[in-house]
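Enquirer: There's a structure below that I have some questions on.
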Amino acid sequence: DFPNARPVMSTLLMNDGLLCFAHPDYDQAIPYFSKAIDLQRAATATKYQLEEWIAGLDVVGADSNQTVLTDCCNNLALCSLYTCRMQEAVRIMESLIRDDPTSYLTEGLAFNLCTLYELGHEPAVSTHKKRVLQLIAKRFFLHDIGPESFRIG
């Protein structure tokens, strides 16, 4: 196992998933995105181990781990939505925010998650969930996420 190859492998898997997504073969894309997510989480978990930091084994360009993970989760959520598994799509996106809101709660993720709340819940429940998401963004000082992303109003 080569921990430093994980970011490259996860990007390749994400690209394979995107090819399936484009055709549109969502069921076929799901395993690619899922495996890429697993590799990204493993790469992120090992990236900050002291031994690797001291040895200077970081991969050039590996700082994009968060972007690849966010993109894979977003694409996996879309595949879940398009295959009629909306609650799974919501669970995937919410899990990213629970992991690290400052890294993963982006404008696009907020907009997509709020759209899923609207599609899957009564208006009052949807509005409540969107306001909670907005409070999380405010609590973590994520000022770059505009109010329009939360689709309230």
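All residue names refer to the structure tokens as shown: chains lettered A, B, ... in order, residues numbered from 1 in each chain, ligands numbered from 1 in order.
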Within 6 Å of range 98-115 of chain A, counting only C-alpha atoms, which residues qualify if same-chain residues fewer than 6 places away don't, as a list in words?
Expert: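 My reading of the contact set: Lys130, Ile145, Ser149 and Phe150 of chain A.
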Enquirer: Save out the residues we just selected, all heavy atoms, as a compact mmCIF listing (two decimals), in the first residue's frame.
Expert:
```txt
# COMPACT_ATOMS: atom_id res chain seq x y z
N LYS A 130 -32.68 24.18 6.67
CA LYS A 130 -31.86 25.18 5.98
C LYS A 130 -31.36 26.24 6.95
O LYS A 130 -30.21 26.68 6.85
CB LYS A 130 -32.65 25.81 4.83
CG LYS A 130 -32.92 24.83 3.69
CD LYS A 130 -33.54 25.46 2.48
CE LYS A 130 -34.97 25.81 2.68
NZ LYS A 130 -35.62 26.32 1.46
N ILE A 145 -20.14 32.05 2.00
CA ILE A 145 -21.37 31.40 1.55
C ILE A 145 -22.48 32.42 1.65
O ILE A 145 -22.89 32.82 2.74
CB ILE A 145 -21.69 30.16 2.41
CG1 ILE A 145 -20.53 29.17 2.35
CG2 ILE A 145 -22.97 29.51 1.92
CD1 ILE A 145 -20.71 27.97 3.26
N SER A 149 -27.45 30.85 -1.15
CA SER A 149 -27.13 29.43 -1.16
C SER A 149 -28.07 28.61 -0.28
O SER A 149 -28.26 27.42 -0.51
CB SER A 149 -25.70 29.20 -0.68
OG SER A 149 -24.79 29.80 -1.56
N PHE A 150 -28.67 29.24 0.72
CA PHE A 150 -29.53 28.54 1.65
C PHE A 150 -30.98 28.50 1.19
O PHE A 150 -31.81 27.83 1.82
CB PHE A 150 -29.40 29.14 3.05
CG PHE A 150 -28.01 29.05 3.58
CD1 PHE A 150 -27.17 30.15 3.56
CD2 PHE A 150 -27.51 27.85 4.05
CE1 PHE A 150 -25.87 30.07 4.03
CE2 PHE A 150 -26.19 27.76 4.51
CZ PHE A 150 -25.38 28.86 4.51
```
Enquirer: Please return as a PyMOL selection string: the residues of chain A that backbone DSSP assigns to alpha helix (DSSP H).
Expert: chain A and resi 6-22+26-47+50-55+65-82+86-99+101-104+107-120+123-139
Enquirer: Restricting the calculation to only C-alpha atoms: of A:Tyr117, A:Thr67, A:Ile136, A:Cys84, which residue gets closest to Ile97 in chain A?
Expert: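 Distance minimum relative to Ile97 in chain A lands on A:Ile136.
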Enquirer: Do a neighbour search on range 68-83 of chain A at 9 Å with only C-alpha atoms, toss out local chain neighbours closer than 6 positions, and write the hits as a PyMOL selection string.
Expert: chain A and resi 7+10-11+14+17-18+21+25-27+29-34+36-37+40-41+89-93+96+103-106+108-109+112+116
Enquirer: Point out the residue among A:Lys35, A:Ala42, A:Glu94, A:Gln28 with the least atom-to-atom distance to Leu13 in chain A, counting only C-alpha atoms.
Expert: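 Of the candidates, the smallest distance to Leu13 in chain A is held by A:Lys35.
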Enquirer: When you look at Ile152 in chain A with a cut-off of 10 Å (counting only C-alpha atoms), what residues show up, excluding the ones that are within fewer than 6 positions of it in the same chain? I need them as a PyMOL selection string.
Expert: chain A and resi 114+126-128+130-131+134
Enquirer: Which value, in Å to one decimal, gives the distance between CA of Leu135 in chain A and CA of Arg85 in chain A?
Expert: 26.5 Å
